[in-house]
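Student: I am sharing model.txt, which consists of compact mmCIF, N, CA, C and O atoms:
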```txt
# COMPACT_ATOMS: atom_id res chain seq x y z
N MET D 22 0.82 -1.19 0.00
CA MET D 22 0.00 0.00 0.00
C MET D 22 0.87 1.26 0.00
O MET D 22 0.48 2.26 -0.59
N GLU D 23 2.01 1.22 0.65
CA GLU D 23 2.86 2.42 0.72
C GLU D 23 3.32 2.88 -0.65
O GLU D 23 3.34 4.08 -0.93
N ALA D 24 3.68 1.95 -1.52
CA ALA D 24 4.12 2.33 -2.87
C ALA D 24 2.95 2.96 -3.64
O ALA D 24 3.11 3.96 -4.34
N PHE D 25 1.77 2.38 -3.50
CA PHE D 25 0.59 2.93 -4.15
C PHE D 25 0.30 4.33 -3.61
O PHE D 25 0.06 5.27 -4.38
N ALA D 26 0.31 4.50 -2.30
CA ALA D 26 0.04 5.80 -1.68
C ALA D 26 1.03 6.85 -2.16
O ALA D 26 0.65 7.99 -2.46
N GLU D 27 2.30 6.48 -2.27
CA GLU D 27 3.31 7.42 -2.74
C GLU D 27 3.06 7.83 -4.19
O GLU D 27 3.20 9.00 -4.54
N THR D 28 2.65 6.87 -5.02
CA THR D 28 2.31 7.19 -6.41
C THR D 28 1.15 8.18 -6.48
O THR D 28 1.19 9.14 -7.23
N VAL D 29 0.14 7.94 -5.67
CA VAL D 29 -1.02 8.83 -5.66
C VAL D 29 -0.61 10.22 -5.19
O VAL D 29 -0.98 11.23 -5.79
N ARG D 30 0.18 10.29 -4.13
CA ARG D 30 0.63 11.59 -3.61
C ARG D 30 1.40 12.39 -4.66
O ARG D 30 1.32 13.61 -4.71
N GLN D 31 2.16 11.70 -5.49
CA GLN D 31 2.96 12.37 -6.53
C GLN D 31 2.13 12.71 -7.76
O GLN D 31 2.52 13.57 -8.55
N THR D 32 0.99 12.05 -7.94
CA THR D 32 0.20 12.17 -9.16
C THR D 32 -1.04 13.03 -9.00
O THR D 32 -1.44 13.72 -9.94
N VAL D 33 -1.65 13.00 -7.83
CA VAL D 33 -2.96 13.61 -7.63
C VAL D 33 -2.85 14.84 -6.73
O VAL D 33 -2.20 14.79 -5.69
N GLU D 34 -3.50 15.92 -7.13
CA GLU D 34 -3.60 17.12 -6.31
C GLU D 34 -4.78 16.92 -5.35
O GLU D 34 -5.94 16.83 -5.79
N PRO D 35 -4.53 16.82 -4.05
CA PRO D 35 -5.61 16.51 -3.11
C PRO D 35 -6.76 17.52 -3.12
O PRO D 35 -7.92 17.12 -2.99
N ALA D 36 -6.48 18.79 -3.28
CA ALA D 36 -7.56 19.80 -3.29
C ALA D 36 -8.48 19.58 -4.49
O ALA D 36 -9.71 19.70 -4.37
N ALA D 37 -7.92 19.28 -5.65
CA ALA D 37 -8.73 19.02 -6.85
C ALA D 37 -9.55 17.74 -6.67
O ALA D 37 -10.72 17.68 -7.06
N LEU D 38 -8.94 16.72 -6.08
CA LEU D 38 -9.64 15.45 -5.82
C LEU D 38 -10.80 15.68 -4.86
O LEU D 38 -11.91 15.21 -5.10
N GLU D 39 -10.57 16.41 -3.80
CA GLU D 39 -11.61 16.68 -2.82
C GLU D 39 -12.76 17.48 -3.44
O GLU D 39 -13.93 17.15 -3.25
N ALA D 40 -12.44 18.52 -4.20
CA ALA D 40 -13.48 19.34 -4.83
C ALA D 40 -14.32 18.52 -5.80
O ALA D 40 -15.56 18.60 -5.81
N TRP D 41 -13.65 17.70 -6.63
CA TRP D 41 -14.37 16.85 -7.58
C TRP D 41 -15.26 15.86 -6.84
O TRP D 41 -16.44 15.70 -7.17
N ALA D 42 -14.72 15.21 -5.82
CA ALA D 42 -15.47 14.20 -5.08
C ALA D 42 -16.71 14.79 -4.41
O ALA D 42 -17.80 14.20 -4.47
N LEU D 43 -16.56 15.94 -3.79
CA LEU D 43 -17.71 16.55 -3.12
C LEU D 43 -18.79 16.94 -4.12
O LEU D 43 -19.99 16.82 -3.83
N THR D 44 -18.41 17.38 -5.32
CA THR D 44 -19.38 17.69 -6.36
C THR D 44 -20.10 16.42 -6.81
O THR D 44 -21.34 16.40 -6.93
N VAL D 45 -19.35 15.35 -7.04
CA VAL D 45 -19.95 14.08 -7.46
C VAL D 45 -20.88 13.55 -6.37
O VAL D 45 -22.00 13.09 -6.65
N ILE D 46 -20.44 13.60 -5.12
CA ILE D 46 -21.27 13.11 -4.00
C ILE D 46 -22.59 13.89 -3.95
O ILE D 46 -23.66 13.31 -3.77
N SER D 47 -22.53 15.19 -4.15
CA SER D 47 -23.73 16.03 -4.09
C SER D 47 -24.68 15.79 -5.26
O SER D 47 -25.88 15.92 -5.11
N ASN D 48 -24.13 15.44 -6.43
CA ASN D 48 -24.93 15.37 -7.65
C ASN D 48 -25.29 13.97 -8.12
O ASN D 48 -25.98 13.84 -9.14
N THR D 49 -24.84 12.92 -7.44
CA THR D 49 -25.11 11.56 -7.89
C THR D 49 -26.27 10.96 -7.11
O THR D 49 -26.22 10.92 -5.87
N PRO D 50 -27.32 10.51 -7.82
CA PRO D 50 -28.44 9.87 -7.13
C PRO D 50 -27.97 8.58 -6.44
O PRO D 50 -27.12 7.86 -6.96
N ARG D 51 -28.52 8.30 -5.28
CA ARG D 51 -28.17 7.10 -4.52
C ARG D 51 -28.99 5.92 -5.06
O ARG D 51 -30.20 5.96 -5.08
N LYS D 52 -28.28 4.88 -5.52
CA LYS D 52 -28.93 3.71 -6.11
C LYS D 52 -28.43 2.44 -5.46
O LYS D 52 -28.03 1.50 -6.13
N GLY D 53 -28.37 2.37 -4.17
CA GLY D 53 -27.87 1.19 -3.49
C GLY D 53 -26.56 1.51 -2.80
O GLY D 53 -26.13 2.66 -2.71
N LEU D 54 -25.89 0.48 -2.32
CA LEU D 54 -24.67 0.68 -1.55
C LEU D 54 -23.54 1.25 -2.40
O LEU D 54 -22.84 2.16 -1.98
N PHE D 55 -23.34 0.72 -3.62
CA PHE D 55 -22.28 1.21 -4.50
C PHE D 55 -22.87 1.58 -5.86
O PHE D 55 -23.68 0.84 -6.40
N THR D 56 -22.44 2.71 -6.40
CA THR D 56 -22.85 3.15 -7.74
C THR D 56 -21.58 3.40 -8.53
O THR D 56 -20.75 4.23 -8.14
N GLU D 57 -21.41 2.66 -9.64
CA GLU D 57 -20.22 2.87 -10.47
C GLU D 57 -20.28 4.25 -11.11
O GLU D 57 -21.33 4.72 -11.53
N LEU D 58 -19.11 4.90 -11.16
CA LEU D 58 -19.02 6.27 -11.69
C LEU D 58 -18.26 6.29 -13.01
O LEU D 58 -17.30 5.54 -13.19
N PRO D 59 -18.66 7.18 -13.92
CA PRO D 59 -17.89 7.35 -15.15
C PRO D 59 -16.58 8.08 -14.83
O PRO D 59 -16.46 8.75 -13.81
N THR D 60 -15.62 7.95 -15.72
CA THR D 60 -14.32 8.60 -15.48
C THR D 60 -14.20 9.95 -16.15
O THR D 60 -13.20 10.63 -15.97
N ASN D 61 -15.22 10.37 -16.91
CA ASN D 61 -15.15 11.71 -17.51
C ASN D 61 -15.29 12.75 -16.40
O ASN D 61 -16.08 12.59 -15.48
N GLY D 62 -14.48 13.77 -16.46
CA GLY D 62 -14.50 14.80 -15.44
C GLY D 62 -13.63 14.51 -14.23
O GLY D 62 -13.50 15.35 -13.34
N VAL D 63 -13.05 13.33 -14.19
CA VAL D 63 -12.17 12.95 -13.09
C VAL D 63 -10.89 13.79 -13.16
O VAL D 63 -10.39 14.04 -14.25
N PRO D 64 -10.36 14.24 -12.02
CA PRO D 64 -9.11 15.00 -12.06
C PRO D 64 -8.02 14.24 -12.83
O PRO D 64 -7.97 13.01 -12.80
N LYS D 65 -7.18 14.99 -13.51
CA LYS D 65 -6.16 14.41 -14.40
C LYS D 65 -5.31 13.34 -13.70
O LYS D 65 -5.05 12.29 -14.26
N GLY D 66 -4.87 13.59 -12.50
CA GLY D 66 -4.04 12.61 -11.78
C GLY D 66 -4.76 11.30 -11.55
O GLY D 66 -4.19 10.23 -11.69
N VAL D 67 -6.04 11.37 -11.22
CA VAL D 67 -6.82 10.15 -11.00
C VAL D 67 -7.03 9.44 -12.33
O VAL D 67 -6.94 8.21 -12.40
N GLN D 68 -7.27 10.20 -13.38
CA GLN D 68 -7.45 9.60 -14.71
C GLN D 68 -6.26 8.73 -15.08
O GLN D 68 -6.41 7.65 -15.63
N SER D 69 -5.05 9.19 -14.75
CA SER D 69 -3.85 8.41 -15.08
C SER D 69 -3.74 7.13 -14.26
O SER D 69 -3.00 6.22 -14.63
N LEU D 70 -4.48 7.04 -13.16
CA LEU D 70 -4.46 5.84 -12.32
C LEU D 70 -5.51 4.81 -12.71
O LEU D 70 -5.57 3.72 -12.13
N MET D 71 -6.35 5.14 -13.69
CA MET D 71 -7.43 4.25 -14.09
C MET D 71 -6.92 3.15 -15.02
O MET D 71 -7.31 3.04 -16.17
N THR D 72 -6.03 2.31 -14.50
CA THR D 72 -5.45 1.19 -15.24
C THR D 72 -5.64 -0.08 -14.42
O THR D 72 -6.05 -0.04 -13.27
N ASN D 73 -5.32 -1.20 -15.02
CA ASN D 73 -5.37 -2.50 -14.32
C ASN D 73 -6.70 -2.75 -13.64
O ASN D 73 -6.76 -3.14 -12.48
N PHE D 74 -7.77 -2.50 -14.37
CA PHE D 74 -9.13 -2.78 -13.90
C PHE D 74 -9.54 -1.94 -12.69
O PHE D 74 -10.35 -2.37 -11.87
N ALA D 75 -8.98 -0.76 -12.53
CA ALA D 75 -9.36 0.13 -11.44
C ALA D 75 -10.81 0.58 -11.63
O ALA D 75 -11.30 0.70 -12.75
N THR D 76 -11.50 0.82 -10.52
CA THR D 76 -12.87 1.29 -10.57
C THR D 76 -13.05 2.50 -9.67
O THR D 76 -12.31 2.69 -8.71
N LEU D 77 -14.04 3.31 -10.00
CA LEU D 77 -14.47 4.42 -9.17
C LEU D 77 -15.95 4.20 -8.87
O LEU D 77 -16.75 3.97 -9.79
N GLU D 78 -16.29 4.25 -7.59
CA GLU D 78 -17.68 4.05 -7.20
C GLU D 78 -18.06 5.04 -6.11
O GLU D 78 -17.22 5.46 -5.32
N LEU D 79 -19.34 5.37 -6.08
CA LEU D 79 -19.89 6.14 -4.98
C LEU D 79 -20.35 5.13 -3.94
O LEU D 79 -21.15 4.23 -4.25
N MET D 80 -19.82 5.22 -2.74
CA MET D 80 -20.24 4.35 -1.64
C MET D 80 -21.25 5.12 -0.81
O MET D 80 -20.95 6.17 -0.27
N ASN D 81 -22.46 4.59 -0.75
CA ASN D 81 -23.55 5.26 -0.05
C ASN D 81 -23.66 4.70 1.36
O ASN D 81 -23.73 3.50 1.56
N GLY D 82 -23.63 5.57 2.32
CA GLY D 82 -23.81 5.18 3.72
C GLY D 82 -24.57 6.28 4.42
O GLY D 82 -25.28 7.05 3.78
N SER D 83 -24.37 6.39 5.72
CA SER D 83 -24.98 7.51 6.43
C SER D 83 -24.34 8.79 5.93
O SER D 83 -23.35 8.76 5.19
N SER D 84 -24.85 9.94 6.31
CA SER D 84 -24.37 11.20 5.75
C SER D 84 -22.87 11.40 5.89
O SER D 84 -22.24 11.98 5.02
N ASN D 85 -22.25 10.90 6.95
CA ASN D 85 -20.81 11.04 7.13
C ASN D 85 -20.02 9.94 6.41
O ASN D 85 -18.80 10.01 6.35
N ASP D 86 -20.70 8.91 5.92
CA ASP D 86 -20.02 7.78 5.31
C ASP D 86 -20.12 7.74 3.80
O ASP D 86 -19.68 6.77 3.18
N VAL D 87 -20.69 8.73 3.16
CA VAL D 87 -20.75 8.77 1.70
C VAL D 87 -19.37 9.16 1.20
O VAL D 87 -18.77 10.12 1.68
N ALA D 88 -18.85 8.39 0.24
CA ALA D 88 -17.50 8.64 -0.25
C ALA D 88 -17.35 8.13 -1.67
O ALA D 88 -18.10 7.27 -2.12
N ILE D 89 -16.35 8.66 -2.35
CA ILE D 89 -15.92 8.13 -3.64
C ILE D 89 -14.81 7.13 -3.33
O ILE D 89 -13.87 7.45 -2.59
N VAL D 90 -14.91 5.93 -3.89
CA VAL D 90 -13.94 4.87 -3.61
C VAL D 90 -13.25 4.46 -4.90
O VAL D 90 -13.90 4.07 -5.87
N TYR D 91 -11.93 4.58 -4.91
CA TYR D 91 -11.08 4.09 -6.00
C TYR D 91 -10.57 2.74 -5.54
O TYR D 91 -10.01 2.62 -4.45
N THR D 92 -10.76 1.71 -6.37
CA THR D 92 -10.34 0.36 -6.01
C THR D 92 -9.50 -0.24 -7.13
O THR D 92 -9.82 -0.09 -8.31
N ARG D 93 -8.47 -0.92 -6.72
CA ARG D 93 -7.58 -1.62 -7.64
C ARG D 93 -7.13 -2.89 -6.94
O ARG D 93 -7.10 -2.94 -5.72
N GLY D 94 -6.77 -3.91 -7.69
CA GLY D 94 -6.27 -5.12 -7.04
C GLY D 94 -6.36 -6.34 -7.90
O GLY D 94 -6.55 -6.27 -9.12
N SER D 95 -6.25 -7.46 -7.22
CA SER D 95 -6.23 -8.76 -7.89
C SER D 95 -6.77 -9.80 -6.92
O SER D 95 -7.29 -9.47 -5.86
N GLY D 96 -6.56 -11.06 -7.26
CA GLY D 96 -6.97 -12.14 -6.38
C GLY D 96 -6.20 -12.17 -5.08
O GLY D 96 -6.56 -12.89 -4.15
N PHE D 97 -5.15 -11.38 -4.99
CA PHE D 97 -4.33 -11.36 -3.78
C PHE D 97 -4.68 -10.19 -2.86
O PHE D 97 -4.00 -9.94 -1.88
N GLY D 98 -5.71 -9.44 -3.17
CA GLY D 98 -6.14 -8.33 -2.33
C GLY D 98 -6.50 -7.11 -3.16
O GLY D 98 -6.26 -7.06 -4.36
N HIS D 99 -7.09 -6.16 -2.49
CA HIS D 99 -7.49 -4.90 -3.12
C HIS D 99 -6.96 -3.74 -2.30
O HIS D 99 -6.72 -3.88 -1.10
N TRP D 100 -6.81 -2.61 -2.95
CA TRP D 100 -6.33 -1.41 -2.28
C TRP D 100 -6.86 -0.21 -3.04
O TRP D 100 -7.38 -0.35 -4.14
N GLY D 101 -6.75 0.95 -2.45
CA GLY D 101 -7.21 2.14 -3.13
C GLY D 101 -7.24 3.33 -2.20
O GLY D 101 -6.53 3.37 -1.19
N PHE D 102 -8.11 4.28 -2.55
CA PHE D 102 -8.31 5.43 -1.69
C PHE D 102 -9.80 5.76 -1.68
O PHE D 102 -10.56 5.35 -2.56
N ALA D 103 -10.21 6.45 -0.63
CA ALA D 103 -11.59 6.88 -0.48
C ALA D 103 -11.58 8.36 -0.15
O ALA D 103 -10.71 8.84 0.58
N VAL D 104 -12.56 9.08 -0.72
CA VAL D 104 -12.64 10.53 -0.53
C VAL D 104 -14.05 10.88 -0.11
O VAL D 104 -15.01 10.60 -0.82
N GLY D 105 -14.16 11.49 1.05
CA GLY D 105 -15.45 11.97 1.55
C GLY D 105 -15.32 13.40 1.99
O GLY D 105 -14.37 14.09 1.62
N GLY D 106 -16.24 13.83 2.80
CA GLY D 106 -16.17 15.17 3.36
C GLY D 106 -15.02 15.27 4.35
O GLY D 106 -14.38 14.27 4.69
N PRO D 107 -14.73 16.46 4.83
CA PRO D 107 -13.59 16.67 5.73
C PRO D 107 -13.61 15.81 7.00
O PRO D 107 -12.57 15.50 7.55
N THR D 108 -14.80 15.38 7.44
CA THR D 108 -14.89 14.56 8.65
C THR D 108 -15.01 13.07 8.35
O THR D 108 -15.17 12.26 9.26
N TYR D 109 -14.92 12.70 7.08
CA TYR D 109 -15.04 11.28 6.69
C TYR D 109 -13.93 10.46 7.32
O TYR D 109 -12.76 10.85 7.32
N ARG D 110 -14.31 9.30 7.86
CA ARG D 110 -13.34 8.34 8.41
C ARG D 110 -13.54 7.02 7.68
O ARG D 110 -14.63 6.45 7.72
N CYS D 111 -12.52 6.55 7.03
CA CYS D 111 -12.58 5.34 6.20
C CYS D 111 -12.68 4.09 7.06
O CYS D 111 -11.97 3.96 8.06
N GLY D 112 -13.53 3.18 6.65
CA GLY D 112 -13.65 1.90 7.33
C GLY D 112 -13.45 0.74 6.36
O GLY D 112 -13.78 -0.40 6.68
N LEU D 113 -12.91 1.01 5.19
CA LEU D 113 -12.70 -0.04 4.17
C LEU D 113 -11.47 -0.86 4.49
O LEU D 113 -10.48 -0.35 5.02
N GLY D 114 -11.50 -2.12 4.10
CA GLY D 114 -10.33 -2.98 4.24
C GLY D 114 -9.92 -3.22 5.68
O GLY D 114 -10.67 -2.94 6.61
N HIS D 115 -8.72 -3.72 5.85
CA HIS D 115 -8.22 -3.97 7.21
C HIS D 115 -7.20 -2.93 7.65
O HIS D 115 -6.86 -2.86 8.83
N THR D 116 -6.71 -2.11 6.73
CA THR D 116 -5.76 -1.05 7.08
C THR D 116 -6.18 0.24 6.40
O THR D 116 -6.46 0.25 5.21
N GLN D 117 -6.24 1.32 7.18
CA GLN D 117 -6.59 2.62 6.64
C GLN D 117 -5.53 3.63 7.11
O GLN D 117 -5.14 3.61 8.27
N VAL D 118 -5.10 4.49 6.19
CA VAL D 118 -4.11 5.52 6.50
C VAL D 118 -4.64 6.85 5.98
O VAL D 118 -4.93 6.97 4.79
N PRO D 119 -4.80 7.85 6.85
CA PRO D 119 -5.30 9.15 6.37
C PRO D 119 -4.26 9.88 5.53
O PRO D 119 -3.07 9.79 5.79
N TRP D 120 -4.74 10.60 4.52
CA TRP D 120 -3.86 11.47 3.73
C TRP D 120 -4.14 12.90 4.15
O TRP D 120 -3.34 13.53 4.82
N THR D 121 -5.31 13.43 3.77
CA THR D 121 -5.67 14.79 4.13
C THR D 121 -7.15 15.03 3.86
O THR D 121 -7.72 14.40 2.98
N ASN D 122 -7.76 15.93 4.62
CA ASN D 122 -9.13 16.41 4.35
C ASN D 122 -10.12 15.34 3.92
O ASN D 122 -10.77 15.47 2.90
N GLY D 123 -10.26 14.26 4.66
CA GLY D 123 -11.22 13.23 4.33
C GLY D 123 -10.79 12.30 3.23
O GLY D 123 -11.60 11.58 2.66
N ILE D 124 -9.50 12.28 2.90
CA ILE D 124 -8.96 11.36 1.89
C ILE D 124 -8.12 10.30 2.60
O ILE D 124 -7.23 10.64 3.39
N TRP D 125 -8.43 9.05 2.36
CA TRP D 125 -7.78 7.93 3.05
C TRP D 125 -7.28 6.89 2.04
O TRP D 125 -7.93 6.63 1.03
N PHE D 126 -6.16 6.28 2.34
CA PHE D 126 -5.68 5.10 1.62
C PHE D 126 -6.15 3.89 2.42
O PHE D 126 -6.23 3.94 3.65
N TRP D 127 -6.43 2.80 1.73
CA TRP D 127 -6.89 1.59 2.41
C TRP D 127 -6.38 0.36 1.66
O TRP D 127 -6.05 0.42 0.49
N THR D 128 -6.35 -0.75 2.36
CA THR D 128 -5.99 -2.04 1.75
C THR D 128 -6.70 -3.15 2.50
O THR D 128 -7.05 -3.02 3.65
N GLU D 129 -6.92 -4.28 1.78
CA GLU D 129 -7.50 -5.47 2.41
C GLU D 129 -6.70 -6.68 2.05
O GLU D 129 -5.93 -6.68 1.14
```
Any chance you could put this one into C-alpha cells?
Tutor:
Amino acid sequence: MEAFAETVRQTVEPAALEAWALTVISNTPRKGLFTELPTNGVPKGVQSLMTNFATLELMNGSSNDVAIVYTRGSGFGHWGFAVGGPTYRCGLGHTQVPWTNGIWFWTE
C-alpha cells in the first residue's frame, strides 16, 4: 500500500480530488450501496491511475459515510483510496491511512 500511496501523492492534487469528489457526491443519485461512476471529469491525476481494472464508485452510507472509492487489485487483495467530506473516516479494508481532508488510503 505504501508504494501505491506514494504514487497517488505524486500524481494527484488533493484539493482538486476533494473538490471533484464533493461535487460528485452532491450530484449523484443514490442507487444502493455502491454506484459505479464514469471517469469523464475525473481530475487528471486520477485519470492516469485508471489502469489495471481500477474502478471508481460512490459508496452510499450515512451522511458522514458517503465517499468516492477508487479500487484496484487482484486475487491477492485490493487497495485504493476513499474521498469523503472533511470529517469522513474510512472503514474499508483492514488497514486505513489518512492522507488529508477526508482522503484515506486503504488495503484489504
Student: Counting only C-alpha atoms, which residue out of D:Thr108, D:Thr116, D:Gln31, D:Thr92 sits closest to Met80 of chain D?
Tutor: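 Smallest separation from Met80 of chain D among the options: D:Thr92.
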Student: With only C-alpha atoms as the counted atoms, please give the residues lying no more than 12 Å from Leu43 of chain D, apart from itself and same-chain residues fewer than 5 positions off, as an NGL selection string.
Tutor: :D and (36-38 or 48-49 or 63 or 79 or 87-89 or 103-107 or 109 or 122-124)
Student: Rounded to one decimal in Å, what is the spacing between atom CA of Trp125 of chain D and atom CA of Met71 of chain D?
Tutor: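 Computing the Euclidean distance for atom CA of Trp125 of chain D and atom CA of Met71 of chain D yields 17.5 Å.
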Student: Looking only at the backbone, which of the residues in chain D does DSSP tag as strand (DSSP E or B), as a VMD selection string?
Tutor: chain D and resid 55 to 57 76 to 80 88 to 95 98 to 104 116 to 121 124 to 128
Student: Atom CA of Val33 of chain D and atom O of Glu57 of chain D are how many Å apart?
Tutor: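 The value is 20.8 Å.
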Student: Please identify all polymer residues within 12 Å of Asn61 of chain D, counting only C-alpha atoms, omitting same-chain residues fewer than 4 positions from it, and present them as number ranges by chain.
Tutor: D: 41, 45, 65, 67-68, 71, 77
Student: Mind giving me the straight-line distance from atom O of Trp120 of chain D to atom O of Pro35 of chain D in Å, one decimal?
Tutor: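 Going from atom O of Trp120 of chain D over to atom O of Pro35 of chain D covers 9.7 Å.
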